[in-house]
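Enquirer: Contents of upload37.txt (compact mmCIF, C-alpha atoms (C1' of nucleotides)) are given next:
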# COMPACT_ATOMS: atom_id res chain seq x y z
CA MET A 3 126.80 187.75 -133.13
CA ALA A 4 128.48 189.80 -135.82
CA ALA A 5 128.09 188.47 -139.36
CA THR A 6 131.83 188.17 -139.81
CA THR A 7 132.32 186.26 -136.60
CA LEU A 8 129.54 183.87 -137.62
CA VAL A 9 131.74 182.89 -140.54
CA TYR A 10 134.89 182.45 -138.44
CA THR A 11 132.96 180.40 -135.91
CA ALA A 12 131.44 178.27 -138.65
CA ILE A 13 134.82 177.31 -140.09
CA ALA A 14 136.40 176.73 -136.69
CA ASP A 15 134.94 173.22 -136.62
CA PRO A 16 136.75 170.57 -138.68
CA SER A 17 133.54 168.74 -139.59
CA ARG A 18 132.07 171.92 -140.99
CA ARG A 19 135.20 172.62 -142.99
CA ARG A 20 134.88 169.10 -144.35
CA ILE A 21 131.26 169.74 -145.29
CA LEU A 22 132.28 172.83 -147.22
CA ASP A 23 135.02 170.86 -148.95
CA LEU A 24 132.50 168.25 -149.99
CA LEU A 25 130.16 170.89 -151.33
CA ARG A 26 132.89 172.26 -153.53
CA GLU A 27 132.32 169.19 -155.69
CA GLY A 28 128.65 170.03 -156.03
CA GLU A 29 125.27 170.07 -154.40
CA ARG A 30 124.50 167.28 -151.94
CA ALA A 31 121.58 166.06 -149.85
CA VAL A 32 121.91 165.63 -146.11
CA VAL A 33 121.91 161.84 -146.12
CA GLU A 34 124.58 161.93 -148.77
CA LEU A 35 126.78 164.18 -146.65
CA GLY A 36 126.14 162.01 -143.64
CA LYS A 37 128.01 159.10 -145.20
CA PHE A 38 131.25 160.96 -144.61
CA PHE A 39 130.74 161.42 -140.87
CA ASP A 40 130.44 159.22 -137.82
CA PHE A 41 127.96 161.27 -135.88
CA SER A 42 124.18 161.22 -136.04
CA GLN A 43 121.91 162.89 -138.57
CA PRO A 44 120.69 165.51 -136.08
CA ALA A 45 124.29 166.42 -135.33
CA LEU A 46 124.85 166.93 -139.03
CA SER A 47 121.68 169.01 -139.32
CA LYS A 48 123.00 171.21 -136.55
CA HIS A 49 126.28 171.76 -138.35
CA LEU A 50 124.35 172.60 -141.47
CA ARG A 51 122.24 175.08 -139.57
CA ILE A 52 125.35 176.87 -138.37
CA LEU A 53 126.67 176.98 -141.92
CA ARG A 54 123.31 178.30 -143.08
CA GLU A 55 123.25 181.01 -140.46
CA ALA A 56 126.75 182.02 -141.51
CA LYS A 57 125.39 182.10 -145.08
CA LEU A 58 128.08 179.77 -146.30
CA VAL A 59 125.55 177.32 -147.72
CA ARG A 60 122.11 177.46 -149.30
CA THR A 61 119.40 174.88 -149.55
CA ARG A 62 116.71 173.94 -151.98
CA LYS A 63 114.07 171.34 -151.41
CA LEU A 64 113.92 168.64 -154.01
CA GLY A 65 111.15 166.26 -153.15
CA ARG A 66 111.80 165.00 -149.69
CA GLU A 67 115.46 165.83 -149.99
CA ASN A 68 117.08 169.01 -148.81
CA ARG A 69 119.99 169.73 -151.07
CA TYR A 70 122.81 171.91 -149.83
CA ARG A 71 125.22 173.88 -151.91
CA LEU A 72 128.11 176.17 -151.33
CA ASP A 73 127.78 179.92 -151.05
CA ALA A 74 131.41 180.90 -150.69
CA LYS A 75 131.06 184.67 -150.79
CA GLY A 76 131.37 184.91 -147.01
CA LEU A 77 134.79 183.31 -147.15
CA ARG A 78 136.18 186.23 -149.04
CA THR A 79 136.28 188.28 -145.84
CA VAL A 80 138.43 185.63 -144.22
CA TYR A 81 140.71 185.45 -147.20
CA ASP A 82 141.16 189.21 -147.20
CA TRP A 83 141.88 189.38 -143.50
CA VAL A 84 144.37 186.55 -143.50
CA GLY A 85 145.93 188.01 -146.63
CA HIS A 86 147.13 190.96 -144.59
CA TYR A 87 149.53 188.57 -142.88
CA GLU A 88 151.06 187.24 -146.05
CA GLN A 89 154.07 189.51 -145.78
CA PHE A 90 154.78 188.13 -142.31
CA TRP A 91 154.65 184.39 -142.71
CA ASN A 92 157.40 184.29 -145.30
CA GLN A 93 160.06 185.98 -143.25
CA SER A 94 161.75 183.67 -140.81
CA LEU A 95 161.02 184.51 -137.23
CA ASP A 96 164.56 183.57 -136.28
CA ARG A 97 166.01 186.20 -138.56
CA LEU A 98 163.49 188.70 -137.31
CA GLY A 99 164.59 187.66 -133.86
CA ASP A 100 168.19 188.44 -134.73
CA VAL A 101 167.16 191.88 -135.79
CA LEU A 102 165.23 192.39 -132.60
CA ASP A 103 168.10 190.94 -130.58
CA ASP A 104 165.82 188.27 -129.21
CA ILE A 105 167.33 185.75 -126.86
CA ASP A 106 164.19 184.22 -125.41
CA GLY A 107 163.40 181.56 -127.99
CA GLY A 108 160.41 179.53 -126.89
CA SER A 109 156.72 180.11 -126.41
CA ARG A 110 155.56 179.49 -122.91
CA MET B 10 143.08 169.26 -130.50
CA ALA B 11 144.64 169.19 -133.91
CA ALA B 12 147.23 171.87 -134.59
CA THR B 13 145.26 173.26 -137.50
CA THR B 14 142.05 173.51 -135.55
CA LEU B 15 143.92 175.34 -132.78
CA VAL B 16 144.59 178.07 -135.31
CA TYR B 17 141.00 178.24 -136.58
CA THR B 18 139.72 178.33 -133.02
CA ALA B 19 142.19 181.04 -132.10
CA ILE B 20 141.05 183.36 -134.86
CA ALA B 21 137.36 182.66 -134.27
CA ASP B 22 137.28 185.26 -131.51
CA PRO B 23 137.13 188.93 -132.57
CA SER B 24 139.30 190.11 -129.68
CA ARG B 25 142.03 187.70 -130.66
CA ARG B 26 141.85 188.79 -134.28
CA ARG B 27 142.22 192.33 -133.02
CA ILE B 28 145.27 191.35 -130.98
CA LEU B 29 146.89 189.87 -134.06
CA ASP B 30 146.07 193.01 -136.00
CA LEU B 31 147.75 195.11 -133.34
CA LEU B 32 150.82 192.91 -133.38
CA ARG B 33 151.21 193.46 -137.09
CA GLU B 34 152.43 196.93 -136.18
CA GLY B 35 155.08 195.47 -133.93
CA GLU B 36 155.85 193.86 -130.64
CA ARG B 37 153.76 194.90 -127.66
CA ALA B 38 153.62 194.28 -123.94
CA VAL B 39 150.47 192.96 -122.30
CA VAL B 40 149.54 196.20 -120.56
CA GLU B 41 149.97 198.01 -123.83
CA LEU B 42 147.61 195.63 -125.60
CA GLY B 43 145.15 195.93 -122.75
CA LYS B 44 144.51 199.57 -123.55
CA PHE B 45 142.59 198.51 -126.60
CA PHE B 46 140.15 196.26 -124.74
CA ASP B 47 137.47 196.63 -122.12
CA PHE B 48 138.01 193.39 -120.28
CA SER B 49 140.39 192.61 -117.46
CA GLN B 50 144.08 191.80 -117.67
CA PRO B 51 143.55 188.10 -116.81
CA ALA B 52 141.04 187.85 -119.65
CA LEU B 53 143.65 189.28 -121.97
CA SER B 54 146.27 186.88 -120.65
CA LYS B 55 143.91 184.04 -121.42
CA HIS B 56 143.44 185.19 -124.99
CA LEU B 57 147.19 185.47 -125.32
CA ARG B 58 147.60 181.96 -124.00
CA ILE B 59 145.27 180.64 -126.66
CA LEU B 60 147.22 182.50 -129.31
CA ARG B 61 150.44 181.12 -127.87
CA GLU B 62 149.13 177.56 -127.92
CA ALA B 63 148.08 178.05 -131.52
CA LYS B 64 151.64 179.31 -132.12
CA LEU B 65 150.39 182.51 -133.64
CA VAL B 66 152.38 184.64 -131.21
CA ARG B 67 155.66 184.41 -129.33
CA THR B 68 156.87 186.11 -126.20
CA ARG B 69 160.08 187.37 -124.81
CA LYS B 70 160.59 188.70 -121.34
CA LEU B 71 161.99 192.18 -121.14
CA GLY B 72 162.42 193.14 -117.55
CA ARG B 73 159.09 192.77 -115.89
CA GLU B 74 157.32 193.06 -119.22
CA ASN B 75 156.24 190.18 -121.39
CA ARG B 76 156.40 191.33 -124.96
CA TYR B 77 154.31 189.57 -127.57
CA ARG B 78 154.94 189.44 -131.24
CA LEU B 79 153.32 187.91 -134.24
CA ASP B 80 154.23 184.51 -135.62
CA ALA B 81 152.03 184.40 -138.68
CA LYS B 82 153.23 181.14 -140.21
CA GLY B 83 150.23 179.26 -138.88
CA LEU B 84 147.89 181.53 -140.80
CA ARG B 85 149.22 180.25 -144.06
CA THR B 86 147.22 177.05 -143.67
CA VAL B 87 144.06 179.07 -143.34
CA TYR B 88 144.94 181.17 -146.34
CA ASP B 89 145.59 178.10 -148.44
CA TRP B 90 142.36 176.39 -147.40
CA VAL B 91 140.18 179.42 -147.99
CA GLY B 92 141.99 180.02 -151.25
CA HIS B 93 140.43 176.85 -152.65
CA TYR B 94 137.14 178.69 -152.60
CA GLU B 95 138.34 181.68 -154.55
CA GLN B 96 136.87 180.38 -157.79
CA PHE B 97 133.47 180.17 -156.16
CA TRP B 98 132.92 183.47 -154.44
CA ASN B 99 133.12 185.71 -157.48
CA GLN B 100 130.38 184.16 -159.53
CA SER B 101 126.77 184.49 -158.50
CA LEU B 102 125.36 181.32 -157.07
CA ASP B 103 122.58 181.18 -159.64
CA ARG B 104 124.99 181.46 -162.55
CA LEU B 105 127.28 178.91 -160.96
CA GLY B 106 124.34 176.54 -160.96
CA ASP B 107 123.86 177.14 -164.66
CA VAL B 108 127.52 176.53 -165.41
CA LEU B 109 127.54 173.28 -163.48
CA ASP B 110 124.37 172.16 -165.23
CA ASP B 111 126.09 172.78 -168.56
CA ILE B 112 129.25 170.90 -167.65
CA ASP B 113 127.45 168.11 -165.93
CA GLY B 114 124.88 167.49 -168.62
CA GLY B 115 122.82 165.38 -166.25
CA SER B 116 125.47 162.71 -165.76
CA ARG B 117 124.59 162.37 -162.11
C1' DA C 13 163.85 197.66 -97.80
C1' DC C 14 159.56 197.94 -99.64
C1' DA C 15 155.57 199.56 -102.43
C1' DA C 16 154.01 199.27 -106.92
C1' DA C 17 154.04 197.50 -111.64
C1' DA C 18 153.57 193.63 -114.98
C1' DC C 19 151.86 189.42 -115.66
C1' DA C 20 150.42 184.48 -115.22
C1' DT C 21 147.58 181.27 -113.02
C1' DA C 22 143.79 179.45 -110.09
C1' DA C 23 139.11 179.09 -108.85
C1' DC C 24 134.77 180.16 -110.11
C1' DC C 25 130.51 181.11 -113.15
C1' DA C 26 127.23 181.77 -117.09
C1' DA C 27 126.64 180.89 -121.73
C1' DA C 28 127.70 178.53 -125.87
C1' DT C 29 129.18 174.00 -128.28
C1' DA C 30 128.78 169.56 -129.99
C1' DG C 31 127.02 165.56 -129.28
C1' DT C 32 122.94 162.39 -127.99
C1' DT C 33 117.92 160.28 -128.26
C1' DA C 34 113.07 161.21 -129.17
C1' DT C 35 109.72 163.05 -132.11
C1' DG C 36 107.10 165.17 -135.72
C1' DC C 37 106.21 166.43 -140.50
C1' DG C 38 106.18 166.30 -145.47
C1' DT C 39 107.31 163.13 -149.49
C1' DT C 40 107.66 158.76 -151.83
C1' DG C 41 107.05 153.94 -153.03
C1' DT C 42 104.10 149.93 -152.79
C1' DA D 8 96.30 153.75 -147.32
C1' DC D 9 100.39 153.43 -145.08
C1' DA D 10 105.24 152.19 -144.10
C1' DA D 11 109.60 154.05 -144.82
C1' DC D 12 112.55 157.85 -146.14
C1' DG D 13 114.67 162.52 -145.50
C1' DC D 14 115.15 165.96 -142.54
C1' DA D 15 114.51 169.56 -138.88
C1' DT D 16 113.74 170.53 -134.23
C1' DA D 17 113.26 169.75 -129.21
C1' DA D 18 115.04 168.34 -124.94
C1' DC D 19 118.83 166.85 -122.59
C1' DT D 20 124.00 166.37 -121.24
C1' DA D 21 129.01 167.01 -120.92
C1' DT D 22 132.57 170.01 -122.23
C1' DT D 23 134.54 174.31 -123.67
C1' DT D 24 134.63 179.26 -123.75
C1' DG D 25 135.12 183.86 -122.16
C1' DG D 26 134.61 186.48 -118.59
C1' DT D 27 135.31 187.54 -113.42
C1' DT D 28 137.96 188.21 -108.74
C1' DA D 29 141.83 186.70 -105.90
C1' DT D 30 146.54 185.71 -105.48
C1' DG D 31 151.50 184.80 -106.15
C1' DT D 32 156.00 185.85 -108.49
C1' DT D 33 159.34 188.62 -110.53
C1' DT D 34 161.13 193.21 -111.54
C1' DT D 35 161.47 198.17 -110.87
C1' DG D 36 161.52 202.69 -108.66
C1' DT D 37 162.16 205.31 -104.44
When written as structure tokens, how does the structure in this file appear?
Expert:
Amino acid sequence: MAATTLVYTAIADPSRRRILDLLREGERAVVELGKFFDFSQPALSKHLRILREAKLVRTRKLGRENRYRLDAKGLRTVYDWVGHYEQFWNQSLDRLGDVLDDIDGGSR
Amino acid sequence: MAATTLVYTAIADPSRRRILDLLREGERAVVELGKFFDFSQPALSKHLRILREAKLVRTRKLGRENRYRLDAKGLRTVYDWVGHYEQFWNQSLDRLGDVLDDIDGGSR
DNA sequence: ACAAAACATAACCAAATAGTTATGCGTTGT
DNA sequence: ACAACGCATAACTATTTGGTTATGTTTTGT
């Protein structure tokens, strides 16, 4: 899987986005993170593995704890890509539709 | 599926990101889009359906053609979320650790 | 009138996802 | 010494994903 797509796939899951949000406040151990979720510890470890493989987080062992912290560099690619669309989301589609003489209206 | 996650899922696939990129240059019919991909027309139609359900594209019928165009508003959410990480991706992780140590002063 | 074009959908399939329980391994507290 | 903690991984399962071929509908060109 391409490195870039690893990042997009990683952030496609809401739990993983939540994990990243939590890590913005600072380093956290797995058990600590687990308090915010309803699923099991292995499920959490799997999410963390996906984030690790996307290089969006790093770990360091501290005693028996495994502390995770953010490594946001990979998100820059996403920001840059989405940024290309900035000029589009401000113009109203309806007005664009007028220009294009669009009569269709809905998505199907 | 939550509306927001529909968008993240939609852009997780590289072919769909490519489709959006193509639509930035203007409206296109399905057959036209298909020239840029190696998979079958039904596969393309499926990708387009996912983009439609995420409300990232709209269609209008023009004769026997179905013309797709960008509706980028949904990408704003992504841009905003990723933007929260902007402060993190420029500094090296090691230096960030130092900074946080300084601010924190061992209060945790 | 009719063949072909443009496209969506259905039915199917292999692989990936996201969860589970079970287990093992290093670290810590008593 | 050893029980409990913190965590990763394995093995399993249901669901979703991304592709395929087959087919039906609407529109166009001859």
Enquirer: Could you work out which residues of chain D fall inside 10 Å of chain A? Count all atoms listed in the file, and format the result as a list in words.
Expert: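 Matching residues, ligands excluded from the count: DC12, DG13, DC14, DA15 and DT16 of chain D.
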Enquirer: Select all residues from chain C having any atom no more than 9 Å from an atom of chain A (counting all atoms listed in the file, ignoring ligands), output as a list in words.
Expert: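 Close to chain A, chain C has DA30, DG31, DT32, DG38, DT39 and DT40 of chain C.
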Enquirer: Give as a list of chain:residue names every residue of chain A that touches chain B within 7 Å, counting only C-alpha atoms.
Expert: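 That gives A:Thr7, A:Tyr10, A:Thr11, A:Ala14, A:Pro16, A:Asp73, A:Ala74, A:Lys75, A:Leu77, A:Arg78, A:Tyr81, A:Val84, A:Gly85, A:Tyr87, A:Phe90, A:Trp91, A:Leu95, A:Asp106, A:Ser109 for chain A.
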Enquirer: Let's have chain A fitted on chain B; use all the C-alpha atoms paired in order for the least-squares step and return it as a PDB file with C-alpha atoms, keeping the file's coordinate frame.
Expert:
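Output saved as superposed37.pdb:
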ATOM      1  CA  MET A   3     145.524 168.505-131.569  1.00  0.00           C
ATOM      2  CA  ALA A   4     147.444 168.717-134.814  1.00  0.00           C
ATOM      3  CA  ALA A   5     149.709 171.750-135.168  1.00  0.00           C
ATOM      4  CA  THR A   6     147.904 172.910-138.280  1.00  0.00           C
ATOM      5  CA  THR A   7     144.493 172.670-136.699  1.00  0.00           C
ATOM      6  CA  LEU A   8     145.753 174.673-133.720  1.00  0.00           C
ATOM      7  CA  VAL A   9     146.313 177.527-136.142  1.00  0.00           C
ATOM      8  CA  TYR A  10     142.893 177.224-137.797  1.00  0.00           C
ATOM      9  CA  THR A  11     141.226 177.060-134.403  1.00  0.00           C
ATOM     10  CA  ALA A  12     143.180 180.070-133.189  1.00  0.00           C
ATOM     11  CA  ILE A  13     142.026 182.264-136.065  1.00  0.00           C
ATOM     12  CA  ALA A  14     138.436 181.046-135.901  1.00  0.00           C
ATOM     13  CA  ASP A  15     137.723 183.548-133.128  1.00  0.00           C
ATOM     14  CA  PRO A  16     137.172 187.169-134.188  1.00  0.00           C
ATOM     15  CA  SER A  17     138.814 188.586-131.061  1.00  0.00           C
ATOM     16  CA  ARG A  18     141.945 186.597-131.747  1.00  0.00           C
ATOM     17  CA  ARG A  19     142.021 187.744-135.348  1.00  0.00           C
ATOM     18  CA  ARG A  20     141.742 191.280-134.020  1.00  0.00           C
ATOM     19  CA  ILE A  21     144.644 190.671-131.653  1.00  0.00           C
ATOM     20  CA  LEU A  22     146.789 189.499-134.541  1.00  0.00           C
ATOM     21  CA  ASP A  23     145.775 192.552-136.549  1.00  0.00           C
ATOM     22  CA  LEU A  24     146.819 194.789-133.694  1.00  0.00           C
ATOM     23  CA  LEU A  25     150.152 193.041-133.404  1.00  0.00           C
ATOM     24  CA  ARG A  26     150.866 193.699-137.041  1.00  0.00           C
ATOM     25  CA  GLU A  27     151.495 197.293-135.990  1.00  0.00           C
ATOM     26  CA  GLY A  28     154.066 196.170-133.455  1.00  0.00           C
ATOM     27  CA  GLU A  29     154.701 194.601-130.106  1.00  0.00           C
ATOM     28  CA  ARG A  30     152.157 195.273-127.367  1.00  0.00           C
ATOM     29  CA  ALA A  31     151.687 194.525-123.679  1.00  0.00           C
ATOM     30  CA  VAL A  32     148.582 192.771-122.429  1.00  0.00           C
ATOM     31  CA  VAL A  33     147.027 195.800-120.765  1.00  0.00           C
ATOM     32  CA  GLU A  34     147.577 197.728-123.950  1.00  0.00           C
ATOM     33  CA  LEU A  35     145.762 195.099-125.998  1.00  0.00           C
ATOM     34  CA  GLY A  36     142.999 194.982-123.443  1.00  0.00           C
ATOM     35  CA  LYS A  37     141.940 198.534-124.260  1.00  0.00           C
ATOM     36  CA  PHE A  38     140.530 197.282-127.539  1.00  0.00           C
ATOM     37  CA  PHE A  39     138.244 194.669-125.988  1.00  0.00           C
ATOM     38  CA  ASP A  40     135.256 194.613-123.686  1.00  0.00           C
ATOM     39  CA  PHE A  41     136.008 191.421-121.853  1.00  0.00           C
ATOM     40  CA  SER A  42     138.138 190.885-118.772  1.00  0.00           C
ATOM     41  CA  GLN A  43     141.908 190.610-118.537  1.00  0.00           C
ATOM     42  CA  PRO A  44     141.813 186.869-117.797  1.00  0.00           C
ATOM     43  CA  ALA A  45     139.700 186.347-120.898  1.00  0.00           C
ATOM     44  CA  LEU A  46     142.330 188.172-122.902  1.00  0.00           C
ATOM     45  CA  SER A  47     145.106 186.119-121.308  1.00  0.00           C
ATOM     46  CA  LYS A  48     143.266 183.001-122.377  1.00  0.00           C
ATOM     47  CA  HIS A  49     143.052 184.179-125.964  1.00  0.00           C
ATOM     48  CA  LEU A  50     146.731 184.967-125.854  1.00  0.00           C
ATOM     49  CA  ARG A  51     147.491 181.520-124.529  1.00  0.00           C
ATOM     50  CA  ILE A  52     145.673 179.950-127.453  1.00  0.00           C
ATOM     51  CA  LEU A  53     147.619 182.142-129.854  1.00  0.00           C
ATOM     52  CA  ARG A  54     150.823 181.163-128.079  1.00  0.00           C
ATOM     53  CA  GLU A  55     150.046 177.480-128.288  1.00  0.00           C
ATOM     54  CA  ALA A  56     149.352 177.898-131.992  1.00  0.00           C
ATOM     55  CA  LYS A  57     152.742 179.652-132.178  1.00  0.00           C
ATOM     56  CA  LEU A  58     151.232 182.690-133.805  1.00  0.00           C
ATOM     57  CA  VAL A  59     152.627 185.016-131.147  1.00  0.00           C
ATOM     58  CA  ARG A  60     155.697 185.207-128.936  1.00  0.00           C
ATOM     59  CA  THR A  61     156.275 186.930-125.656  1.00  0.00           C
ATOM     60  CA  ARG A  62     159.121 188.606-123.891  1.00  0.00           C
ATOM     61  CA  LYS A  63     159.050 189.885-120.367  1.00  0.00           C
ATOM     62  CA  LEU A  64     159.930 193.511-119.982  1.00  0.00           C
ATOM     63  CA  GLY A  65     159.807 194.425-116.345  1.00  0.00           C
ATOM     64  CA  ARG A  66     156.393 193.550-115.094  1.00  0.00           C
ATOM     65  CA  GLU A  67     154.987 193.708-118.583  1.00  0.00           C
ATOM     66  CA  ASN A  68     154.559 190.777-120.897  1.00  0.00           C
ATOM     67  CA  ARG A  69     154.952 192.019-124.418  1.00  0.00           C
ATOM     68  CA  TYR A  70     153.422 190.064-127.260  1.00  0.00           C
ATOM     69  CA  ARG A  71     154.468 190.117-130.854  1.00  0.00           C
ATOM     70  CA  LEU A  72     153.431 188.467-134.037  1.00  0.00           C
ATOM     71  CA  ASP A  73     154.948 185.255-135.316  1.00  0.00           C
ATOM     72  CA  ALA A  74     153.135 184.907-138.611  1.00  0.00           C
ATOM     73  CA  LYS A  75     154.950 181.895-140.017  1.00  0.00           C
ATOM     74  CA  GLY A  76     152.103 179.580-139.031  1.00  0.00           C
ATOM     75  CA  LEU A  77     149.707 181.541-141.196  1.00  0.00           C
ATOM     76  CA  ARG A  78     151.553 180.547-144.300  1.00  0.00           C
ATOM     77  CA  THR A  79     149.991 177.084-144.144  1.00  0.00           C
ATOM     78  CA  VAL A  80     146.550 178.645-144.173  1.00  0.00           C
ATOM     79  CA  TYR A  81     147.441 180.909-147.035  1.00  0.00           C
ATOM     80  CA  ASP A  82     148.749 177.989-149.061  1.00  0.00           C
ATOM     81  CA  TRP A  83     145.711 175.848-148.411  1.00  0.00           C
ATOM     82  CA  VAL A  84     143.205 178.546-149.218  1.00  0.00           C
ATOM     83  CA  GLY A  85     145.270 179.461-152.261  1.00  0.00           C
ATOM     84  CA  HIS A  86     144.340 176.143-153.822  1.00  0.00           C
ATOM     85  CA  TYR A  87     140.806 177.489-154.139  1.00  0.00           C
ATOM     86  CA  GLU A  88     141.766 180.647-155.945  1.00  0.00           C
ATOM     87  CA  GLN A  89     140.885 179.213-159.328  1.00  0.00           C
ATOM     88  CA  PHE A  90     137.382 178.439-158.070  1.00  0.00           C
ATOM     89  CA  TRP A  91     136.205 181.630-156.460  1.00  0.00           C
ATOM     90  CA  ASN A  92     136.589 183.689-159.605  1.00  0.00           C
ATOM     91  CA  GLN A  93     134.347 181.629-161.811  1.00  0.00           C
ATOM     92  CA  SER A  94     130.692 182.364-161.318  1.00  0.00           C
ATOM     93  CA  LEU A  95     128.798 179.501-159.811  1.00  0.00           C
ATOM     94  CA  ASP A  96     125.808 180.329-161.977  1.00  0.00           C
ATOM     95  CA  ARG A  97     127.788 179.802-165.142  1.00  0.00           C
ATOM     96  CA  LEU A  98     129.255 176.641-163.719  1.00  0.00           C
ATOM     97  CA  GLY A  99     125.698 175.677-162.939  1.00  0.00           C
ATOM     98  CA  ASP A 100     124.723 176.192-166.560  1.00  0.00           C
ATOM     99  CA  VAL A 101     127.474 173.877-167.602  1.00  0.00           C
ATOM    100  CA  LEU A 102     126.377 171.290-165.099  1.00  0.00           C
ATOM    101  CA  ASP A 103     122.750 171.789-166.107  1.00  0.00           C
ATOM    102  CA  ASP A 104     121.868 172.727-162.565  1.00  0.00           C
ATOM    103  CA  ILE A 105     118.289 173.650-161.863  1.00  0.00           C
ATOM    104  CA  ASP A 106     118.281 173.479-158.085  1.00  0.00           C
ATOM    105  CA  GLY A 107     119.507 176.949-157.183  1.00  0.00           C
ATOM    106  CA  GLY A 108     119.469 177.406-153.433  1.00  0.00           C
ATOM    107  CA  SER A 109     121.340 176.015-150.476  1.00  0.00           C
ATOM    108  CA  ARG A 110     119.135 174.287-148.000  1.00  0.00           C
TER     109      ARG A 110
END
Enquirer: Can you pull out every residue within 12 Å of DA29 of chain D, counting all atoms listed in the file, but drop anything in the same chain fewer than 5 positions away, and send it as a list in words?
Expert: Pro51 of chain B; DT21, DA22, DA23 and DC24 of chain C
Enquirer: What is the atom CA of Arg25 of chain B-atom CA of Arg37 of chain B distance in Å, reported with one decimal?
Expert: 14.1 Å
Enquirer: Using all atoms listed in the file, which of the listed residues (C:DA34, C:DC25, C:DA20, C:DC14) sits closest to DT35 of chain D?
Expert: C:DC14
Enquirer: To one decimal in Å, tell me the separation between atom CA of Asp47 of chain B and atom CA of Leu60 of chain B.
Expert: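 For atom CA of Asp47 of chain B relative to atom CA of Leu60 of chain B, the distance reads 18.6 Å.
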Enquirer: Could you check how far atom C1' of DT30 of chain D sits from atom C1' of DA17 of chain C, in Å to one decimal?
Expert: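 These two atoms are separated by 15.3 Å.
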Enquirer: Enclose the full set of atoms of segment 21-31 of chain D listed in the file within a box whose edges lie along x, y and z, apply 5 Å of padding to each of the six sides, and report centre and edge lengths in Å to one decimal as JSON.
Expert:
{"center_x": 140.3, "center_y": 177.6, "center_z": -114.6, "size_x": 32.5, "size_y": 31.2, "size_z": 28.3}
